[in-house]
Structures are given as C-alpha cells and as structure tokens.
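Working notes, beginning with the structure itself.
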Amino acid sequence: LRLLSLVLFVTGLINLPNILYYDSNAYNNKNNGNNTITSFLTRGSALCDTTEWVPCDGCERKDFEGKFKEEDGTITIERYTCPFPDLGYGLVNFGSFIFLLLCFFLMDKYEKQREIRFDERKQTAQDYSVVVNNPPPDAYEPEVWRTY
C-alpha cells in the first residue's frame with residue numbers, strides 16, 4: 001500500500017504541468033467568483049465551462065435535440081471556447097500512463113516474488129503430502145505402501 005501511494009504521488013507530480021495549465025486562465029476562465037464545491041473539485045481538470053453561441057450554417061433542429069437557439073431563422077449552437085492544448089500536455093499524459101504501466105508491472109513481479117518467499121517460510125500439509133499410485137486393495141501395512 002505504501003508503494004502504491006508512492007507511485008500515485010509521483011504520477012501526480014509528473015502531471016503537475018497539466019494540472020497547472022488546466023487551472024490557469026490560459027485554458028479556461030474559471031475564476032469568475034464561483035466558489036462552489038463543484039468548482040473546487042474540478043480545479044486543474046480539463047473540464048471546460050466557458051462557452052459562446054455561434055451560428056451554425058446548414059444545421060437542422062433535429063441535429064441538436066433542443067441544445068440550440070433560433071434567432072431570426074438562424075440556428076445558433078453552444079460551442080466551448082477552451083483552446084486545444086499543445087502536444088506537450090498530451091505527451092505528459094502519455095508519459096505518466098507509461099510510468100504507471102511500468103510501475104504496476106514491476107509491483108506485480110515484486111509481489112509474486114514476495115509470495116514465493118512467504119510460502120517457502122511457511123510449512124503446510126501440502127509440503128509433506130505423498131502421492132501413492134495404484135496400491136493393492138489389501139495393502140494395510142505401511143511397509144507394503146512404501147513400495148508404491
């Protein structure tokens with residue numbers, strides 16, 4: 001559990017540039033005085049909540065299921081205005097994903113080795129079990145069984 005906590009903490013540090021970018025005004029102008037619990041929990045996430053209404057040429061009402069406005073015969077739709085992040089932010093996510101995969105693989109190997117060491121230290125009935133193949137039906141004496 002401690003090792004897993006350490007791995008997840010390091011992964012969080014790897015993702016710190018993304019968290020800071022997504023919390024900044026460069027990505028989303030979230031700092032509009034809205035201090036609800038939801039805004040606190042979504043700080044640093046890629047959630048985009050800034051939108052604008054833009055005209056949509058060639059759109060029909062049925063395409064948007066009520067998520068549109070119609071003014072003077074022009075259909076407008078809500079579009080998110082957050083910019084698409086640079087490739088570097090995606091590479092940070094990819095790097096942290098690869099880091100997690102590598103750590104989980106190494107942790108699995110470590111746990112299997114620990115399990116073997118633990119099993120070797122513990123004596124059970126399975127360690128002393130004997131398999132007897134095809135004994136005669138009238139063999140009741142231990143000396144007779146030893147030959148099988």
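Ordering of the structure tokens sets the chain letters (A, B, ...), residue numbers begin anew at 1 in every chain, and ligands are numbered from 1 in the order given.
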Considering only C-alpha atoms, return as a list of chain:residue names whatever protein or nucleic-acid residues lie within 10 Å of A:Pro17, sequence-local ones (same chain, fewer than 2 positions apart) excluded. A:Gly12, A:Leu13, A:Ile14, A:Asn15, A:Ile19, A:Leu20, A:Tyr21, A:Tyr22, A:Asp23, A:Gly44, A:Gly88, A:Tyr89, A:Val92, A:Asn93
I'd like the neighbourhood of A:Glu78 as an NGL selection string, where a residue qualifies if any of its atoms comes within 7 Å (using only C-alpha atoms), though same-chain residues fewer than 6 positions away should be ignored. :A and (51-54 or 68)
Report as a list of chain:residue names all protein, DNA and RNA residues lying within 9 Å of A:Cys103, evaluated on only C-alpha atoms, omitting residues in the same chain fewer than 5 positions from it.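 The filter keeps A:Leu4, A:Val7, A:Ile98, A:Asp108.
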Test item, strand (DSSP E) assignment across chain A, answer as a list in words: Thr51, Glu52, Trp53, Val54, Pro55, Phe68, Lys69, Glu70, Glu71, Thr74, Ile75, Thr76, Ile77, Glu78, Arg79 and Tyr80 of chain A
Only C-alpha atoms, please: the residues just picked out, written as an mmCIF file, in the first residue's frame.
data_model
loop_
_atom_site.group_PDB
_atom_site.id
_atom_site.type_symbol
_atom_site.label_atom_id
_atom_site.label_comp_id
_atom_site.auth_asym_id
_atom_site.auth_seq_id
_atom_site.Cartn_x
_atom_site.Cartn_y
_atom_site.Cartn_z
ATOM 1 C CA THR A 51 -18.985 28.694 -23.994
ATOM 2 C CA GLU A 52 -20.296 31.006 -26.663
ATOM 3 C CA TRP A 53 -23.237 30.835 -29.051
ATOM 4 C CA VAL A 54 -22.217 30.675 -32.708
ATOM 5 C CA PRO A 55 -24.290 30.457 -35.891
ATOM 6 C CA PHE A 68 -29.728 25.258 -29.776
ATOM 7 C CA LYS A 69 -31.213 28.730 -30.105
ATOM 8 C CA GLU A 70 -33.024 30.065 -33.084
ATOM 9 C CA GLU A 71 -32.946 33.798 -33.755
ATOM 10 C CA THR A 74 -30.627 31.327 -37.859
ATOM 11 C CA ILE A 75 -29.795 28.376 -35.658
ATOM 12 C CA THR A 76 -27.048 29.026 -33.127
ATOM 13 C CA ILE A 77 -25.331 26.329 -31.110
ATOM 14 C CA GLU A 78 -23.264 26.434 -27.940
ATOM 15 C CA ARG A 79 -19.530 25.956 -28.545
ATOM 16 C CA TYR A 80 -16.832 25.524 -25.934
#
